[in-house]
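Student: Just passing along the structure, written as structure tokens.
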Amino acid sequence: MMADSNLIIRNVKVVTPKGDSARRGSTMSELSVTEDASIVITDGVITYVGPSDDIRIEADVDYNILDGEGNVALPGFVDSHTHLIFGGFRPDEFEWRLKGDSYMSIMERGGGIQSTVNATRGESLEALVEKARWFIDRMVDMGVTTVEAKSGYGLDTESEMKMLDAIDTLARDEETPLSVVATFLGAHAVPKEYKGRTSEYIDLMIREMLPAAKGKAKFCDIFTEKNVFEIEDSRRFLTAARDAGFKLKLHADEIVTLGGAELAAEMDAVSADHLLHVSDEGVRRMAEKGTVATLLPLTAFALKEPFAPARKFIDAGAAVALATDLNPGSCFSGSIPLTIALACIYMNMSIEETITALTINGAAALDMAGETGSLEIGKRGDVVILEFDNFRMLPYYVGMNCVRNTVSRGRLVK
Ligand code: NIG
Ligand code: FE
């Protein structure tokens with residue numbers, strides 16, 4: 001983890017959601033705006049944010065100075081769902097899908113996730129880390145200051161731990177320009193060695209992988225899907241993961257309506273993700289429980305599937321987060337600008353809701369809303385400065401990167 005820094009950002013318009021928890025329903029559109037503002041970051045933590053006239057700095061601290069030239073300052077973006085670590089690429093499958101093949105039929109033929117598993121098993125830890133750094137540099141360029149990264153392309157104990165160790169290497173390295181959070185996704189698919197023996201693979205995960213992942217990953221995730229891990233399998237695995245002390249996430253109702261959202265609420269998962277085919281009952285239960293709905297519009301776009309019903313979630317009083325789902329298969333993109341554009345244009349989210357979904361609610365999806373996701377005293381000094389003095393430029397300038405500076409824990413990383 002990189003060294004924290006002291007920085008004064010002056011001459012910005014601060015635009016931020018507020019609070020230490022997910023913003024739900026109509027409160028997602030509440031952003032606080034402060035003109036002629038400054039932000040003081042001391043030892044990586046925000047110690048002042050507000051009008052420049054009232055600025056308070058710590059005596060005896062040497063601050064770097066950044067002039068925002070009147071532009072908008074937002075909280076750093078939180079990409080709370082990525083598959084950042086993987087071997088190989090799958091452009092051939094992308095072409096097959098463009099010609100009409102389906103994601104699940106490719107997977108059932110032994111391609112899809114299993115093809116990346118074969119490539120990842122053959123990669124060294126160092127090579128996985130180096131590859132991830134290339135993507136991380138691009139994320140920082142688009143204003144991401146916190147990223148979640150999943151395992152899930154090893155599917156045996158050794159390779160899953162290699163992936164978690166790669167994530168851990170990035171998380172601890174001072175040179176990594178953002179914060180990294182690890183999720184164990186051994187339940188991404190049933191590996192070919194266990195074909196037809198799903199229950200035995202779940203036994204293996206519970207017996208070997210969960211204890212080995214303890215201390216390396218904060219979350220456990222599962223691909224709850226027809227013909228992958230059905231509801232009963234998922235409940236059994238998630239119960240064991242919860243008992244072992246992990247916080248829970250689910251890939252839920254992505255391809256068919258299966259009841260993944262309902263299961264996420266039942267299991268007190270922190271988030272359920274994808275949700276393209278969520279039932280109305282699933283929306284209602286997640287809203288009731290406060291399970292964050294992490295929506296991934298780039299995946300729907302790349303799979304040519306209908307977008308997740310963001311409005312239903314928000315209107316039901318749920319908390320919506322947005323993330324990229326960067327992965328080599330269903331969604332080979334980590335584009336924050338395109339995520340913003342799709343959310344506003346196709347999911348009918350307002351730009352205020354979209355900003356909340358990419359900041360405080362993304363942080364809440366990682367159970368970190370007390371640490372980052374808003375520009376408030378006591379939060380980490382994670383800040384994005386735009387090229388413009390108007391945050392409404394973000395979706396209007398479709399798919400283009402409007403980020404001028406990225407600040408991570410008080411350090412200027414772009
Ligand atoms: O989030 N759906 C499952 N997992 C990923 C895709 C993984 C892959 O195709 O490699 C997703 O879409
Ligand atoms: Fe995913």
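As shown in the structure tokens, the chain order sets the letters A, B, ...; within each chain, residues go from 1, and ligands are also counted from 1 in the order they appear.
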Could you report the residues within 10 Å of ligand 1, using only C-alpha atoms and all ligand atoms, as a PDB file with N, CA, C and O atoms, in the first residue's frame?

Tutor:
```
ATOM      1  N   HIS A  81     -16.312  -4.184  -8.555  1.00  0.00           N
ATOM      2  CA  HIS A  81     -16.478  -5.536  -9.126  1.00  0.00           C
ATOM      3  C   HIS A  81     -15.588  -5.656 -10.366  1.00  0.00           C
ATOM      4  O   HIS A  81     -15.929  -5.139 -11.427  1.00  0.00           O
ATOM      5  N   THR A  82     -14.436  -6.313 -10.202  1.00  0.00           N
ATOM      6  CA  THR A  82     -13.597  -6.604 -11.378  1.00  0.00           C
ATOM      7  C   THR A  82     -12.976  -7.995 -11.240  1.00  0.00           C
ATOM      8  O   THR A  82     -12.815  -8.515 -10.144  1.00  0.00           O
ATOM      9  N   HIS A  83     -12.622  -8.530 -12.397  1.00  0.00           N
ATOM     10  CA  HIS A  83     -11.850  -9.773 -12.466  1.00  0.00           C
ATOM     11  C   HIS A  83     -10.497  -9.374 -13.049  1.00  0.00           C
ATOM     12  O   HIS A  83     -10.162  -9.692 -14.189  1.00  0.00           O
ATOM     13  N   PHE A  86      -5.991 -12.331 -14.550  1.00  0.00           N
ATOM     14  CA  PHE A  86      -6.329 -13.451 -15.443  1.00  0.00           C
ATOM     15  C   PHE A  86      -5.207 -13.699 -16.437  1.00  0.00           C
ATOM     16  O   PHE A  86      -4.449 -12.803 -16.775  1.00  0.00           O
ATOM     17  N   PHE A  89      -6.337 -14.110 -23.244  1.00  0.00           N
ATOM     18  CA  PHE A  89      -7.441 -13.251 -23.712  1.00  0.00           C
ATOM     19  C   PHE A  89      -8.400 -14.126 -24.510  1.00  0.00           C
ATOM     20  O   PHE A  89      -8.030 -15.226 -24.926  1.00  0.00           O
ATOM     21  N   ARG A  90      -9.617 -13.663 -24.754  1.00  0.00           N
ATOM     22  CA  ARG A  90     -10.604 -14.487 -25.482  1.00  0.00           C
ATOM     23  C   ARG A  90     -11.280 -13.725 -26.633  1.00  0.00           C
ATOM     24  O   ARG A  90     -12.515 -13.698 -26.727  1.00  0.00           O
ATOM     25  N   GLU A  93     -13.807 -15.865 -28.793  1.00  0.00           N
ATOM     26  CA  GLU A  93     -15.170 -16.039 -28.261  1.00  0.00           C
ATOM     27  C   GLU A  93     -16.029 -14.797 -28.497  1.00  0.00           C
ATOM     28  O   GLU A  93     -17.229 -14.896 -28.745  1.00  0.00           O
ATOM     29  N   TYR A 103     -23.206 -16.764 -24.564  1.00  0.00           N
ATOM     30  CA  TYR A 103     -22.178 -16.847 -23.523  1.00  0.00           C
ATOM     31  C   TYR A 103     -22.218 -18.206 -22.836  1.00  0.00           C
ATOM     32  O   TYR A 103     -21.182 -18.846 -22.638  1.00  0.00           O
ATOM     33  N   MET A 104     -23.431 -18.674 -22.502  1.00  0.00           N
ATOM     34  CA  MET A 104     -23.546 -19.932 -21.754  1.00  0.00           C
ATOM     35  C   MET A 104     -23.232 -21.144 -22.637  1.00  0.00           C
ATOM     36  O   MET A 104     -22.689 -22.128 -22.157  1.00  0.00           O
ATOM     37  N   ILE A 106     -21.050 -21.307 -25.060  1.00  0.00           N
ATOM     38  CA  ILE A 106     -19.579 -21.374 -25.155  1.00  0.00           C
ATOM     39  C   ILE A 106     -19.009 -21.972 -23.869  1.00  0.00           C
ATOM     40  O   ILE A 106     -18.131 -22.829 -23.896  1.00  0.00           O
ATOM     41  N   MET A 107     -19.579 -21.550 -22.750  1.00  0.00           N
ATOM     42  CA  MET A 107     -19.110 -22.057 -21.453  1.00  0.00           C
ATOM     43  C   MET A 107     -19.391 -23.554 -21.328  1.00  0.00           C
ATOM     44  O   MET A 107     -18.550 -24.327 -20.880  1.00  0.00           O
ATOM     45  N   GLY A 111     -15.390 -23.725 -23.156  1.00  0.00           N
ATOM     46  CA  GLY A 111     -14.709 -22.430 -23.347  1.00  0.00           C
ATOM     47  C   GLY A 111     -15.054 -21.525 -22.183  1.00  0.00           C
ATOM     48  O   GLY A 111     -15.221 -21.979 -21.055  1.00  0.00           O
ATOM     49  N   GLY A 112     -15.172 -20.251 -22.458  1.00  0.00           N
ATOM     50  CA  GLY A 112     -15.584 -19.307 -21.428  1.00  0.00           C
ATOM     51  C   GLY A 112     -14.621 -19.278 -20.255  1.00  0.00           C
ATOM     52  O   GLY A 112     -13.400 -19.285 -20.439  1.00  0.00           O
ATOM     53  N   ILE A 113     -15.168 -19.301 -19.060  1.00  0.00           N
ATOM     54  CA  ILE A 113     -14.353 -19.199 -17.855  1.00  0.00           C
ATOM     55  C   ILE A 113     -13.265 -20.281 -17.843  1.00  0.00           C
ATOM     56  O   ILE A 113     -12.108 -20.013 -17.528  1.00  0.00           O
ATOM     57  N   GLN A 114     -13.630 -21.531 -18.255  1.00  0.00           N
ATOM     58  CA  GLN A 114     -12.648 -22.627 -18.210  1.00  0.00           C
ATOM     59  C   GLN A 114     -11.448 -22.320 -19.115  1.00  0.00           C
ATOM     60  O   GLN A 114     -10.317 -22.698 -18.792  1.00  0.00           O
ATOM     61  N   SER A 115     -11.661 -21.634 -20.207  1.00  0.00           N
ATOM     62  CA  SER A 115     -10.531 -21.340 -21.082  1.00  0.00           C
ATOM     63  C   SER A 115      -9.567 -20.359 -20.403  1.00  0.00           C
ATOM     64  O   SER A 115      -8.341 -20.502 -20.505  1.00  0.00           O
ATOM     65  N   THR A 116     -10.107 -19.388 -19.666  1.00  0.00           N
ATOM     66  CA  THR A 116      -9.224 -18.492 -18.905  1.00  0.00           C
ATOM     67  C   THR A 116      -8.584 -19.232 -17.733  1.00  0.00           C
ATOM     68  O   THR A 116      -7.454 -18.923 -17.341  1.00  0.00           O
ATOM     69  N   VAL A 117      -9.283 -20.234 -17.173  1.00  0.00           N
ATOM     70  CA  VAL A 117      -8.694 -21.040 -16.096  1.00  0.00           C
ATOM     71  C   VAL A 117      -7.440 -21.745 -16.623  1.00  0.00           C
ATOM     72  O   VAL A 117      -6.380 -21.717 -15.987  1.00  0.00           O
ATOM     73  N   LYS A 150     -11.092 -10.042  -8.022  1.00  0.00           N
ATOM     74  CA  LYS A 150     -11.537 -11.382  -7.630  1.00  0.00           C
ATOM     75  C   LYS A 150     -10.543 -12.439  -8.096  1.00  0.00           C
ATOM     76  O   LYS A 150      -9.918 -12.282  -9.146  1.00  0.00           O
ATOM     77  N   GLY A 152     -10.789 -16.697  -9.014  1.00  0.00           N
ATOM     78  CA  GLY A 152     -11.867 -17.363  -9.749  1.00  0.00           C
ATOM     79  C   GLY A 152     -11.467 -17.915 -11.101  1.00  0.00           C
ATOM     80  O   GLY A 152     -12.296 -18.466 -11.824  1.00  0.00           O
ATOM     81  N   TYR A 153     -10.176 -17.759 -11.455  1.00  0.00           N
ATOM     82  CA  TYR A 153      -9.698 -18.394 -12.683  1.00  0.00           C
ATOM     83  C   TYR A 153      -8.620 -19.433 -12.372  1.00  0.00           C
ATOM     84  O   TYR A 153      -7.796 -19.761 -13.219  1.00  0.00           O
ATOM     85  N   LEU A 185     -13.208 -15.974  -5.281  1.00  0.00           N
ATOM     86  CA  LEU A 185     -14.290 -16.428  -6.174  1.00  0.00           C
ATOM     87  C   LEU A 185     -13.980 -17.835  -6.703  1.00  0.00           C
ATOM     88  O   LEU A 185     -14.108 -18.110  -7.889  1.00  0.00           O
ATOM     89  N   ALA A 187     -15.795 -20.165  -6.372  1.00  0.00           N
ATOM     90  CA  ALA A 187     -17.085 -20.647  -6.876  1.00  0.00           C
ATOM     91  C   ALA A 187     -17.502 -19.881  -8.133  1.00  0.00           C
ATOM     92  O   ALA A 187     -18.638 -19.462  -8.287  1.00  0.00           O
ATOM     93  N   HIS A 188     -16.551 -19.709  -9.039  1.00  0.00           N
ATOM     94  CA  HIS A 188     -16.832 -19.005 -10.298  1.00  0.00           C
ATOM     95  C   HIS A 188     -17.412 -19.974 -11.329  1.00  0.00           C
ATOM     96  O   HIS A 188     -18.209 -19.621 -12.185  1.00  0.00           O
ATOM     97  N   ALA A 189     -16.942 -21.230 -11.267  1.00  0.00           N
ATOM     98  CA  ALA A 189     -17.425 -22.278 -12.182  1.00  0.00           C
ATOM     99  C   ALA A 189     -16.991 -23.609 -11.566  1.00  0.00           C
ATOM    100  O   ALA A 189     -16.123 -23.640 -10.697  1.00  0.00           O
ATOM    101  N   ILE A 222     -19.827 -15.854  -5.435  1.00  0.00           N
ATOM    102  CA  ILE A 222     -20.205 -17.090  -6.147  1.00  0.00           C
ATOM    103  C   ILE A 222     -21.007 -16.731  -7.387  1.00  0.00           C
ATOM    104  O   ILE A 222     -21.761 -15.748  -7.375  1.00  0.00           O
ATOM    105  N   PHE A 223     -20.823 -17.508  -8.458  1.00  0.00           N
ATOM    106  CA  PHE A 223     -21.609 -17.333  -9.686  1.00  0.00           C
ATOM    107  C   PHE A 223     -22.863 -18.201  -9.529  1.00  0.00           C
ATOM    108  O   PHE A 223     -22.870 -19.377  -9.884  1.00  0.00           O
ATOM    109  N   THR A 224     -23.901 -17.607  -8.951  1.00  0.00           N
ATOM    110  CA  THR A 224     -25.171 -18.302  -8.760  1.00  0.00           C
ATOM    111  C   THR A 224     -25.943 -18.218 -10.077  1.00  0.00           C
ATOM    112  O   THR A 224     -26.410 -17.142 -10.460  1.00  0.00           O
ATOM    113  N   GLU A 225     -25.994 -19.335 -10.780  1.00  0.00           N
ATOM    114  CA  GLU A 225     -26.571 -19.314 -12.131  1.00  0.00           C
ATOM    115  C   GLU A 225     -27.038 -20.714 -12.480  1.00  0.00           C
ATOM    116  O   GLU A 225     -26.472 -21.711 -12.012  1.00  0.00           O
ATOM    117  N   VAL A 228     -24.662 -23.630 -13.267  1.00  0.00           N
ATOM    118  CA  VAL A 228     -23.346 -23.360 -12.670  1.00  0.00           C
ATOM    119  C   VAL A 228     -23.485 -23.714 -11.181  1.00  0.00           C
ATOM    120  O   VAL A 228     -23.371 -24.884 -10.834  1.00  0.00           O
ATOM    121  N   LEU A 250     -22.599 -11.925  -4.397  1.00  0.00           N
ATOM    122  CA  LEU A 250     -23.082 -12.927  -5.350  1.00  0.00           C
ATOM    123  C   LEU A 250     -23.119 -12.343  -6.756  1.00  0.00           C
ATOM    124  O   LEU A 250     -23.498 -11.182  -6.928  1.00  0.00           O
ATOM    125  N   HIS A 251     -22.735 -13.159  -7.755  1.00  0.00           N
ATOM    126  CA  HIS A 251     -23.105 -12.884  -9.142  1.00  0.00           C
ATOM    127  C   HIS A 251     -24.528 -13.448  -9.252  1.00  0.00           C
ATOM    128  O   HIS A 251     -24.708 -14.673  -9.233  1.00  0.00           O
ATOM    129  N   ALA A 252     -25.520 -12.575  -9.341  1.00  0.00           N
ATOM    130  CA  ALA A 252     -26.903 -13.029  -9.181  1.00  0.00           C
ATOM    131  C   ALA A 252     -27.786 -12.641 -10.366  1.00  0.00           C
ATOM    132  O   ALA A 252     -27.723 -11.514 -10.854  1.00  0.00           O
ATOM    133  N   ASP A 253     -28.601 -13.599 -10.803  1.00  0.00           N
ATOM    134  CA  ASP A 253     -29.612 -13.340 -11.833  1.00  0.00           C
ATOM    135  C   ASP A 253     -29.012 -12.632 -13.052  1.00  0.00           C
ATOM    136  O   ASP A 253     -29.614 -11.726 -13.612  1.00  0.00           O
ATOM    137  N   GLU A 254     -27.829 -13.105 -13.469  1.00  0.00           N
ATOM    138  CA  GLU A 254     -27.176 -12.473 -14.622  1.00  0.00           C
ATOM    139  C   GLU A 254     -27.762 -12.967 -15.939  1.00  0.00           C
ATOM    140  O   GLU A 254     -28.082 -12.179 -16.821  1.00  0.00           O
ATOM    141  N   ILE A 255     -27.900 -14.295 -16.065  1.00  0.00           N
ATOM    142  CA  ILE A 255     -28.330 -14.847 -17.356  1.00  0.00           C
ATOM    143  C   ILE A 255     -29.809 -15.239 -17.316  1.00  0.00           C
ATOM    144  O   ILE A 255     -30.538 -15.033 -18.286  1.00  0.00           O
ATOM    145  N   ASP A 273     -24.701  -8.714  -7.453  1.00  0.00           N
ATOM    146  CA  ASP A 273     -24.166  -8.020  -8.610  1.00  0.00           C
ATOM    147  C   ASP A 273     -24.734  -8.582  -9.919  1.00  0.00           C
ATOM    148  O   ASP A 273     -25.146  -9.742  -9.952  1.00  0.00           O
ATOM    149  N   HIS A 274     -24.762  -7.774 -10.951  1.00  0.00           N
ATOM    150  CA  HIS A 274     -25.329  -8.067 -12.285  1.00  0.00           C
ATOM    151  C   HIS A 274     -26.831  -7.770 -12.282  1.00  0.00           C
ATOM    152  O   HIS A 274     -27.256  -6.739 -12.726  1.00  0.00           O
ATOM    153  N   LEU A 296     -23.774  -3.566 -13.583  1.00  0.00           N
ATOM    154  CA  LEU A 296     -22.575  -3.630 -14.417  1.00  0.00           C
ATOM    155  C   LEU A 296     -22.971  -3.414 -15.881  1.00  0.00           C
ATOM    156  O   LEU A 296     -23.017  -4.366 -16.669  1.00  0.00           O
ATOM    157  N   LEU A 298     -21.597  -2.305 -18.534  1.00  0.00           N
ATOM    158  CA  LEU A 298     -20.696  -2.670 -19.632  1.00  0.00           C
ATOM    159  C   LEU A 298     -20.899  -4.128 -20.037  1.00  0.00           C
ATOM    160  O   LEU A 298     -20.767  -4.484 -21.203  1.00  0.00           O
ATOM    161  N   THR A 299     -21.217  -4.991 -19.052  1.00  0.00           N
ATOM    162  CA  THR A 299     -21.422  -6.414 -19.348  1.00  0.00           C
ATOM    163  C   THR A 299     -22.697  -6.612 -20.158  1.00  0.00           C
ATOM    164  O   THR A 299     -22.704  -7.347 -21.151  1.00  0.00           O
ATOM    165  N   ALA A 300     -23.778  -5.954 -19.734  1.00  0.00           N
ATOM    166  CA  ALA A 300     -25.033  -6.057 -20.492  1.00  0.00           C
ATOM    167  C   ALA A 300     -24.800  -5.586 -21.927  1.00  0.00           C
ATOM    168  O   ALA A 300     -25.229  -6.228 -22.897  1.00  0.00           O
ATOM    169  N   ALA A 302     -21.927  -5.463 -23.636  1.00  0.00           N
ATOM    170  CA  ALA A 302     -21.045  -6.344 -24.409  1.00  0.00           C
ATOM    171  C   ALA A 302     -21.719  -7.675 -24.735  1.00  0.00           C
ATOM    172  O   ALA A 302     -21.394  -8.309 -25.728  1.00  0.00           O
ATOM    173  N   LEU A 303     -22.668  -8.112 -23.890  1.00  0.00           N
ATOM    174  CA  LEU A 303     -23.387  -9.366 -24.151  1.00  0.00           C
ATOM    175  C   LEU A 303     -24.653  -9.120 -24.972  1.00  0.00           C
ATOM    176  O   LEU A 303     -25.381 -10.059 -25.269  1.00  0.00           O
ATOM    177  N   THR A 324     -17.424  -1.916 -13.185  1.00  0.00           N
ATOM    178  CA  THR A 324     -17.139  -2.243 -14.595  1.00  0.00           C
ATOM    179  C   THR A 324     -17.253  -3.732 -14.924  1.00  0.00           C
ATOM    180  O   THR A 324     -17.569  -4.086 -16.056  1.00  0.00           O
ATOM    181  N   ASP A 325     -16.924  -4.632 -13.963  1.00  0.00           N
ATOM    182  CA  ASP A 325     -16.867  -6.072 -14.244  1.00  0.00           C
ATOM    183  C   ASP A 325     -15.724  -6.430 -15.194  1.00  0.00           C
ATOM    184  O   ASP A 325     -15.759  -7.494 -15.822  1.00  0.00           O
ATOM    185  N   LEU A 326     -14.731  -5.576 -15.343  1.00  0.00           N
ATOM    186  CA  LEU A 326     -13.595  -5.904 -16.214  1.00  0.00           C
ATOM    187  C   LEU A 326     -13.219  -7.378 -16.112  1.00  0.00           C
ATOM    188  O   LEU A 326     -12.911  -7.871 -15.024  1.00  0.00           O
ATOM    189  N   ASN A 327     -13.285  -8.107 -17.215  1.00  0.00           N
ATOM    190  CA  ASN A 327     -12.876  -9.520 -17.255  1.00  0.00           C
ATOM    191  C   ASN A 327     -12.606  -9.902 -18.704  1.00  0.00           C
ATOM    192  O   ASN A 327     -13.021  -9.203 -19.620  1.00  0.00           O
ATOM    193  N   PRO A 328     -11.892 -11.024 -18.937  1.00  0.00           N
ATOM    194  CA  PRO A 328     -11.500 -11.350 -20.315  1.00  0.00           C
ATOM    195  C   PRO A 328     -12.627 -11.956 -21.157  1.00  0.00           C
ATOM    196  O   PRO A 328     -12.430 -12.182 -22.353  1.00  0.00           O
ATOM    197  N   GLY A 329     -13.802 -12.219 -20.548  1.00  0.00           N
ATOM    198  CA  GLY A 329     -14.864 -12.910 -21.273  1.00  0.00           C
ATOM    199  C   GLY A 329     -16.064 -12.036 -21.559  1.00  0.00           C
ATOM    200  O   GLY A 329     -16.170 -11.410 -22.614  1.00  0.00           O
ATOM    201  N   SER A 330     -16.969 -11.969 -20.588  1.00  0.00           N
ATOM    202  CA  SER A 330     -18.255 -11.300 -20.831  1.00  0.00           C
ATOM    203  C   SER A 330     -18.108  -9.801 -21.020  1.00  0.00           C
ATOM    204  O   SER A 330     -18.978  -9.162 -21.614  1.00  0.00           O
ATOM    205  N   CYS A 331     -17.006  -9.213 -20.523  1.00  0.00           N
ATOM    206  CA  CYS A 331     -16.908  -7.756 -20.539  1.00  0.00           C
ATOM    207  C   CYS A 331     -15.448  -7.316 -20.490  1.00  0.00           C
ATOM    208  O   CYS A 331     -14.911  -7.095 -19.408  1.00  0.00           O
ATOM    209  N   PHE A 332     -14.835  -7.221 -21.651  1.00  0.00           N
ATOM    210  CA  PHE A 332     -13.433  -6.826 -21.663  1.00  0.00           C
ATOM    211  C   PHE A 332     -13.348  -5.303 -21.768  1.00  0.00           C
ATOM    212  O   PHE A 332     -12.978  -4.738 -22.798  1.00  0.00           O
TER     213      PHE A 332
END
```

Student: Pick out each residue of segment 79-324 of chain A that DSSP on the backbone tags as strand (DSSP E or B); I need them as a VMD selection string.

Tutor: chain A and resid 79 144 to 150 179 to 187 214 217 219 to 224 229 247 to 252 271 to 274 292 to 295 320 to 322

Student: Near segment 404-406 of chain A, within 9 Å and counting only C-alpha atoms, which residues show up once chain neighbours fewer than 6 positions away are dropped, as a compact mmCIF listing (two decimals) with N, CA and C atoms, in the first residue's frame?

Tutor:
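For reference, result-v6.txt as written:
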```txt
# COMPACT_ATOMS: atom_id res chain seq x y z
N GLY A 68 -6.74 23.41 -8.57
CA GLY A 68 -7.79 22.79 -9.39
C GLY A 68 -8.36 23.72 -10.46
N GLY A 76 -12.87 9.98 -5.28
CA GLY A 76 -12.31 9.00 -6.22
C GLY A 76 -13.33 7.91 -6.51
N VAL A 140 -6.58 4.25 -13.04
CA VAL A 140 -6.20 5.50 -12.37
C VAL A 140 -6.39 6.68 -13.32
N ASP A 141 -6.10 6.47 -14.58
CA ASP A 141 -6.29 7.51 -15.59
C ASP A 141 -7.77 7.93 -15.68
N MET A 142 -8.67 7.00 -15.34
CA MET A 142 -10.11 7.29 -15.39
C MET A 142 -10.67 7.64 -14.01
N GLY A 143 -9.79 7.83 -13.01
CA GLY A 143 -10.24 8.34 -11.72
C GLY A 143 -10.55 7.29 -10.67
N VAL A 144 -10.19 6.03 -10.92
CA VAL A 144 -10.47 4.99 -9.92
C VAL A 144 -9.40 5.04 -8.83
N THR A 145 -9.83 5.09 -7.57
CA THR A 145 -8.88 5.10 -6.45
C THR A 145 -9.03 3.85 -5.56
N ASP A 382 -8.98 10.47 -1.26
CA ASP A 382 -9.17 9.92 -2.60
C ASP A 382 -10.05 10.89 -3.39
N VAL A 383 -9.46 11.56 -4.37
CA VAL A 383 -10.15 12.65 -5.05
C VAL A 383 -9.93 12.57 -6.56
N VAL A 384 -10.98 12.94 -7.30
CA VAL A 384 -10.88 13.08 -8.75
C VAL A 384 -11.14 14.54 -9.09
N ILE A 385 -10.30 15.14 -9.92
CA ILE A 385 -10.58 16.49 -10.42
C ILE A 385 -10.88 16.38 -11.91
N LEU A 386 -12.01 16.95 -12.31
CA LEU A 386 -12.42 16.86 -13.71
C LEU A 386 -11.76 17.96 -14.55
N GLU A 387 -11.88 17.82 -15.85
CA GLU A 387 -11.40 18.85 -16.79
C GLU A 387 -12.37 20.02 -16.85
N PHE A 388 -13.53 19.90 -16.18
CA PHE A 388 -14.60 20.88 -16.35
C PHE A 388 -15.08 21.39 -14.99
N LEU A 412 -0.72 12.53 -5.61
CA LEU A 412 -1.14 12.82 -6.99
C LEU A 412 -0.67 11.68 -7.89
N VAL A 413 -1.60 10.87 -8.37
CA VAL A 413 -1.22 9.71 -9.18
C VAL A 413 -1.54 9.91 -10.66
N LYS A 414 -2.29 10.99 -10.96
CA LYS A 414 -2.44 11.41 -12.36
C LYS A 414 -2.34 12.92 -12.40
```

Student: For Phe307 of chain A, find every residue with an atom within 9 Å (counting only C-alpha atoms), except residues of its own chain fewer than 4 positions away, and show them as a list in words.

Tutor: Leu275, Leu276, His277, Leu295, Leu296, Pro297, Thr299, Ala300, Phe301, Leu342, Ala343, Tyr346 and Met347 of chain A

Student: Take the selection from the previous step and output its residues with N, CA, C and O atoms, as a CSV table (one decimal), in the first residue's frame.

Tutor:
```
chain,number,residue,atom,x,y,z
A,275,LEU,N,-27.7,-8.8,-11.9
A,275,LEU,CA,-29.1,-8.6,-11.7
A,275,LEU,C,-29.9,-8.2,-12.9
A,275,LEU,O,-30.9,-7.5,-12.8
A,276,LEU,N,-29.4,-8.6,-14.1
A,276,LEU,CA,-30.1,-8.2,-15.3
A,276,LEU,C,-31.5,-8.8,-15.4
A,276,LEU,O,-32.4,-8.2,-15.9
A,277,HIS,N,-31.6,-10.0,-14.7
A,277,HIS,CA,-32.9,-10.7,-14.8
A,277,HIS,C,-33.5,-10.8,-13.4
A,277,HIS,O,-34.2,-11.8,-13.1
A,295,LEU,N,-24.7,-2.8,-10.2
A,295,LEU,CA,-25.1,-3.0,-11.6
A,295,LEU,C,-23.8,-2.8,-12.5
A,295,LEU,O,-23.0,-1.9,-12.2
A,296,LEU,N,-23.8,-3.6,-13.6
A,296,LEU,CA,-22.6,-3.6,-14.4
A,296,LEU,C,-23.0,-3.4,-15.9
A,296,LEU,O,-23.0,-4.4,-16.7
A,297,PRO,N,-23.3,-2.2,-16.3
A,297,PRO,CA,-23.8,-1.9,-17.6
A,297,PRO,C,-22.9,-2.3,-18.7
A,297,PRO,O,-23.4,-2.7,-19.8
A,299,THR,N,-21.2,-5.0,-19.1
A,299,THR,CA,-21.4,-6.4,-19.3
A,299,THR,C,-22.7,-6.6,-20.2
A,299,THR,O,-22.7,-7.3,-21.2
A,300,ALA,N,-23.8,-6.0,-19.7
A,300,ALA,CA,-25.0,-6.1,-20.5
A,300,ALA,C,-24.8,-5.6,-21.9
A,300,ALA,O,-25.2,-6.2,-22.9
A,301,PHE,N,-24.1,-4.5,-22.1
A,301,PHE,CA,-23.8,-3.9,-23.4
A,301,PHE,C,-23.0,-4.9,-24.2
A,301,PHE,O,-23.3,-5.2,-25.4
A,342,LEU,N,-23.6,4.8,-20.2
A,342,LEU,CA,-24.7,3.8,-20.3
A,342,LEU,C,-25.7,3.9,-19.2
A,342,LEU,O,-26.9,3.7,-19.4
A,343,ALA,N,-25.2,4.2,-17.9
A,343,ALA,CA,-26.1,4.3,-16.8
A,343,ALA,C,-27.1,5.5,-17.0
A,343,ALA,O,-28.3,5.3,-16.8
A,346,TYR,N,-29.1,4.6,-20.9
A,346,TYR,CA,-29.9,3.4,-21.1
A,346,TYR,C,-30.5,2.9,-19.8
A,346,TYR,O,-31.5,2.1,-19.8
A,347,MET,N,-30.0,3.3,-18.6
A,347,MET,CA,-30.6,2.8,-17.4
A,347,MET,C,-31.4,3.9,-16.7
A,347,MET,O,-31.9,3.7,-15.6
```

Student: Using only C-alpha atoms, find each residue of segment 184-269 of chain A with at least one atom at most 10 Å away from an atom of segment 361-368 of chain A; report its shortest atom-to-atom pair and that distance in Å (one decimal), sort the rows by chain and rising residue number, and return the result as JSON lines.

Tutor:
```
{"residue": "A:Lys218", "atom": "CA", "partner": "A:Leu366", "partner_atom": "CA", "distance": 8.8}
{"residue": "A:Phe219", "atom": "CA", "partner": "A:Leu366", "partner_atom": "CA", "distance": 8.4}
{"residue": "A:Lys247", "atom": "CA", "partner": "A:Asp367", "partner_atom": "CA", "distance": 8.7}
{"residue": "A:Leu248", "atom": "CA", "partner": "A:Leu366", "partner_atom": "CA", "distance": 9.8}
{"residue": "A:Lys249", "atom": "CA", "partner": "A:Ala365", "partner_atom": "CA", "distance": 8.7}
{"residue": "A:Ala269", "atom": "CA", "partner": "A:Ala365", "partner_atom": "CA", "distance": 9.6}
```

Student: Compare A:Ala212, A:Ile345, A:Ala119, A:Val78 by their minimum atom-to-atom distance to Gly373 of chain A, counting only C-alpha atoms, and give me the closest one.

Tutor: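 Closest to Gly373 of chain A of all the choices is A:Val78.
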
Student: When you look at Gly381 of chain A with a cut-off of 7 Å (counting only C-alpha atoms), what residues show up, excluding the ones that are within fewer than 3 positions of it in the same chain? I need them as a ChimeraX atom specification.

Tutor: /A:41,44-46,408-410
